[in-house]
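S.K.: Handing you this structure, nothing more for now.
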Amino acid sequence: SLVDKANYRHFMAKEIHEQPEVVGHTLARYVDMATERVSLPVKLPFDFKTIQRINITACGTASYAGFVAKYWFERFARVPVEVDVASEFRYREAPLRKGDLAIFISQSGETADTLAALRYAKAGGVHTVAVVNVATSTIARESETVLQTLAGPEIGVASTKAFTCQLMVLANLAIAAGKARGELSDEDETRLVHGLVEIPRLMSDALTTEVEIERLAREIAKSRDVLYLGRGTSFPLALEGALKLKEISYIHAEGYAAGELKHGPIALIDETMPVVVIAPYDRVFEKTVSNMQEVAARGGKIILMTDAKGAEEATVDSLVTIVMPDMAGAFTPMVYAVPVQLLAYHTAVVMGTDVDQPRNLAKSVTVE
Ligand code: AGP
C-alpha cells in the first residue's frame, strides 16, 4: 500500500525515492504531454493580465517552495511577487488590492497560520489559489481555487515529495501566467514545458548520488554547524537544506544567499565548518564561485553540488563535489532538492535520531 515503508528503513527514505514517480504524476495533471503545453486541471476565475501583484504565503518547507516560485513568476510573467511566512502575513495587516492574487501552499492543508492567512486574504477581496496535497483539507475547502499536488500521503515529518510536487505545480502556474500576460510565446512555453517533462528522469539520475552522499553524511555528522549557500532559485533551496538538516539530525544549520556571505556569516568559517554550496552551472554560477573562493581561503570545507560543467569551471578545492545531471534552465531546484534531502536523511541516520518523528515536531501544526 501507499502508506507502508515497502523495503525502506524510514518513510522519509521511501518518500525521497518516490519523487520521480509522484512529480511525474503531478506533471501529467498539469501539462498536455502530446503538445507540451500547460493545461491546468481547473479554469482560473481570474485573468493573470489584470493581476498587479501576487502574495505567496506558507510555512516552513512550503514557504521555500513559494520562494522558488517567486523567481519563476517574476521571470516568466514579469509580475511582482511577495513571499511571507504565514505567521507574519496574518498579523501585519498587509495591504491587499482587490482582484489581485494570493497563493497558499500547504501539504496538509491544515496549518493554522496558513489557514488564517487565507481567511485574511479572502476578507481583503483577493483571488485565492491553494496548492495543497490533501484535497479534502480545510485550506482546500476554503480556497477559491485548488491546485492539488499528487504526492500521495506524506508520512515523514520532514517534507520531501510534497515540496518537489509543489514546485511542479507552481512552475506550471508561473508558465500559465507568463502566457496570459504575453511575456512568453508559444515557443517559450513549449521549451519550458519540455524542461519540466525532463524533470522526473533527472530526479532519478540525481538519486544515484546516494552512495556518495551516504559517505559524506559521516563527515557532516561530526559537525556542530553547517552553512548552506545558493544564489537565485538555489537560495531558497539552501534555506530548505538547512531546515531539513536541523529538523532531523539536530545539527545547527543556516541557509544564506551566497552574496550575503561577506555581510556576516563569513565570520563563522573555519576548518571545522562544512559549507554546502548549491550551484548548478547557470547565469549566476561565476558569482557563486567567487563566494566559494572566499570560503576556501578561510579553510572552510566546501561540499559543492553542481553539474559536470560546473565541476570543471569551479576553480576551487572542494571536500566533495556531488556531480548532478546536466540540465538547462530554471527548474534545477526540483532536481537539486534530491541530494539536499538525501544529505539530511543520511546524516540523521548516522546520528541515530528518530528520522520520521523528530523530537518536538508535528507533521501538521494545527495550533498557533
Ligand atoms: C517540513 O519539513 C516541516 N516539517 C514544516 O516546515 C512544514 O513544511 C510546515 O509545517 C508546513 O506544513 P504544511 O505544508 O502542511 O502546511
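Please note that chains go A, B, ... in the order of the C-alpha cells, that every chain numbers its residues from 1, and that ligands are numbered from 1 in the order shown.
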Check every protein, DNA and RNA residue against ligand 1, keep those with an atom at most 6 Å away (counting only C-alpha atoms and all ligand atoms), and present them as a ChimeraX atom specification.
M.R.: /A:59-62,106-109,111,157-159,244,363-365
S.K.: Just N, CA and C atoms for this one: save the residues we selected as a PDB file, in the first residue's frame.
M.R.:
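That gives us result34.pdb:
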```pdb
ATOM      1  N   CYS A  59       4.111  28.090   5.379  1.00  0.00           N
ATOM      2  CA  CYS A  59       5.037  27.899   6.497  1.00  0.00           C
ATOM      3  C   CYS A  59       6.116  26.884   6.119  1.00  0.00           C
ATOM      4  N   GLY A  60       7.273  27.030   6.711  1.00  0.00           N
ATOM      5  CA  GLY A  60       8.334  26.027   6.609  1.00  0.00           C
ATOM      6  C   GLY A  60       8.709  25.696   5.181  1.00  0.00           C
ATOM      7  N   THR A  61       8.825  24.425   4.929  1.00  0.00           N
ATOM      8  CA  THR A  61       9.236  23.954   3.607  1.00  0.00           C
ATOM      9  C   THR A  61       8.321  24.484   2.502  1.00  0.00           C
ATOM     10  N   ALA A  62       7.029  24.524   2.769  1.00  0.00           N
ATOM     11  CA  ALA A  62       6.089  25.029   1.761  1.00  0.00           C
ATOM     12  C   ALA A  62       6.399  26.489   1.420  1.00  0.00           C
ATOM     13  N   SER A 106       0.413  24.389   1.046  1.00  0.00           N
ATOM     14  CA  SER A 106       0.403  23.562   2.252  1.00  0.00           C
ATOM     15  C   SER A 106       0.250  22.090   1.889  1.00  0.00           C
ATOM     16  N   GLN A 107       1.123  21.275   2.426  1.00  0.00           N
ATOM     17  CA  GLN A 107       0.990  19.827   2.240  1.00  0.00           C
ATOM     18  C   GLN A 107      -0.300  19.360   2.889  1.00  0.00           C
ATOM     19  N   SER A 108      -0.426  19.604   4.192  1.00  0.00           N
ATOM     20  CA  SER A 108      -1.559  19.078   4.963  1.00  0.00           C
ATOM     21  C   SER A 108      -2.860  19.801   4.651  1.00  0.00           C
ATOM     22  N   GLY A 109      -2.758  21.082   4.326  1.00  0.00           N
ATOM     23  CA  GLY A 109      -3.963  21.892   4.157  1.00  0.00           C
ATOM     24  C   GLY A 109      -4.622  22.244   5.483  1.00  0.00           C
ATOM     25  N   THR A 111      -2.572  23.697   8.249  1.00  0.00           N
ATOM     26  CA  THR A 111      -1.676  24.533   9.053  1.00  0.00           C
ATOM     27  C   THR A 111      -2.404  25.798   9.510  1.00  0.00           C
ATOM     28  N   VAL A 157       7.761  13.364   8.969  1.00  0.00           N
ATOM     29  CA  VAL A 157       7.505  14.743   9.403  1.00  0.00           C
ATOM     30  C   VAL A 157       8.271  15.736   8.518  1.00  0.00           C
ATOM     31  N   ALA A 158       9.464  15.337   8.103  1.00  0.00           N
ATOM     32  CA  ALA A 158      10.248  16.196   7.214  1.00  0.00           C
ATOM     33  C   ALA A 158       9.680  16.085   5.802  1.00  0.00           C
ATOM     34  N   SER A 159       9.245  17.192   5.285  1.00  0.00           N
ATOM     35  CA  SER A 159       8.592  17.193   3.976  1.00  0.00           C
ATOM     36  C   SER A 159       9.617  17.017   2.853  1.00  0.00           C
ATOM     37  N   LYS A 244      15.952  21.153   6.635  1.00  0.00           N
ATOM     38  CA  LYS A 244      15.881  19.691   6.645  1.00  0.00           C
ATOM     39  C   LYS A 244      16.923  19.106   7.592  1.00  0.00           C
ATOM     40  N   LYS A 363       3.644  16.703  12.380  1.00  0.00           N
ATOM     41  CA  LYS A 363       3.500  16.683  10.928  1.00  0.00           C
ATOM     42  C   LYS A 363       2.676  17.873  10.438  1.00  0.00           C
ATOM     43  N   SER A 364       1.582  18.154  11.129  1.00  0.00           N
ATOM     44  CA  SER A 364       0.906  19.384  10.745  1.00  0.00           C
ATOM     45  C   SER A 364       0.604  20.218  11.977  1.00  0.00           C
ATOM     46  N   VAL A 365       0.884  21.491  11.842  1.00  0.00           N
ATOM     47  CA  VAL A 365       0.824  22.391  13.000  1.00  0.00           C
ATOM     48  C   VAL A 365      -0.545  23.087  12.973  1.00  0.00           C
TER      49      VAL A 365
END
```
S.K.: Among segment 120-224 of chain A, which residues does DSSP mark as strand (DSSP E) when it is run on the backbone? Keep the chain and numbering as in the structure and answer as a list in words.
M.R.: His127, Thr128, Val129, Ala130, Val131, Val132, Thr145, Val146, Leu147 and Gln148 of chain A
S.K.: Env of segment 190-195 of chain A: 7 Å cut, atoms = only C-alpha atoms, seq-sep filter 4 positions within chain, self excluded. Answer as an MDAnalysis selection string.
M.R.: chainID A and resid 36:38 186 199
S.K.: Neighbouring residues of segment 278-280 of chain A were defined as those with any atom within 10 Å, considering only C-alpha atoms; residues of the same chain fewer than 3 positions away were excluded. Please report them as a tab-separated table (two decimals) with C-alpha atoms, in the first residue's frame.
M.R.:
```tsv
chain	number	residue	atom	x	y	z
A	228	TYR	CA	24.19	26.21	3.00
A	229	LEU	CA	24.72	28.75	0.22
A	230	GLY	CA	22.98	29.37	-3.08
A	231	ARG	CA	22.04	32.16	-5.48
A	232	GLY	CA	18.85	32.65	-7.47
A	233	THR	CA	16.47	29.72	-7.08
A	234	SER	CA	19.26	27.85	-5.28
A	235	PHE	CA	18.97	30.35	-2.43
A	237	LEU	CA	16.86	25.60	-1.70
A	238	ALA	CA	19.76	26.46	0.62
A	241	GLY	CA	18.57	22.25	3.02
A	258	ALA	CA	25.72	33.30	-1.34
A	275	VAL	CA	29.67	24.74	3.63
A	283	ARG	CA	23.86	32.53	-15.13
A	284	VAL	CA	24.92	33.24	-11.54
A	285	PHE	CA	27.43	30.39	-11.31
A	286	GLU	CA	30.54	32.58	-11.64
A	287	LYS	CA	29.35	34.77	-8.78
A	288	THR	CA	28.91	31.74	-6.55
A	289	VAL	CA	32.41	30.54	-7.45
A	303	ILE	CA	30.63	20.48	-0.44
A	304	LEU	CA	29.74	21.50	-3.95
A	305	MET	CA	26.55	20.37	-5.65
A	306	THR	CA	26.86	21.17	-9.34
A	307	ASP	CA	26.81	19.59	-12.81
A	308	ALA	CA	29.75	18.39	-14.93
A	309	LYS	CA	30.30	21.80	-16.47
A	310	GLY	CA	30.20	23.48	-13.04
A	311	ALA	CA	32.62	20.91	-11.63
A	314	ALA	CA	34.77	25.72	-10.31
A	322	ILE	CA	28.37	15.96	-5.96
A	323	VAL	CA	28.05	15.85	-9.73
A	324	MET	CA	24.48	16.32	-10.80
A	325	PRO	CA	22.92	15.58	-14.19
A	326	ASP	CA	23.28	18.25	-16.86
A	327	MET	CA	20.18	20.37	-17.21
A	328	ALA	CA	19.48	23.73	-18.67
A	329	GLY	CA	17.12	26.34	-17.40
A	332	THR	CA	17.08	22.98	-11.12
A	333	PRO	CA	15.58	23.23	-7.58
A	336	TYR	CA	18.87	19.56	-6.56
A	337	ALA	CA	16.29	19.01	-3.82
A	339	PRO	CA	20.82	15.44	-2.86
A	340	VAL	CA	19.85	18.11	-0.32
```
S.K.: Which one of A:Met351, A:Leu118, A:Val22, A:Val335 sits closest to Leu202 of chain A if you count only C-alpha atoms?
M.R.: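 For Leu202 of chain A, the nearest of the candidates is A:Val335.
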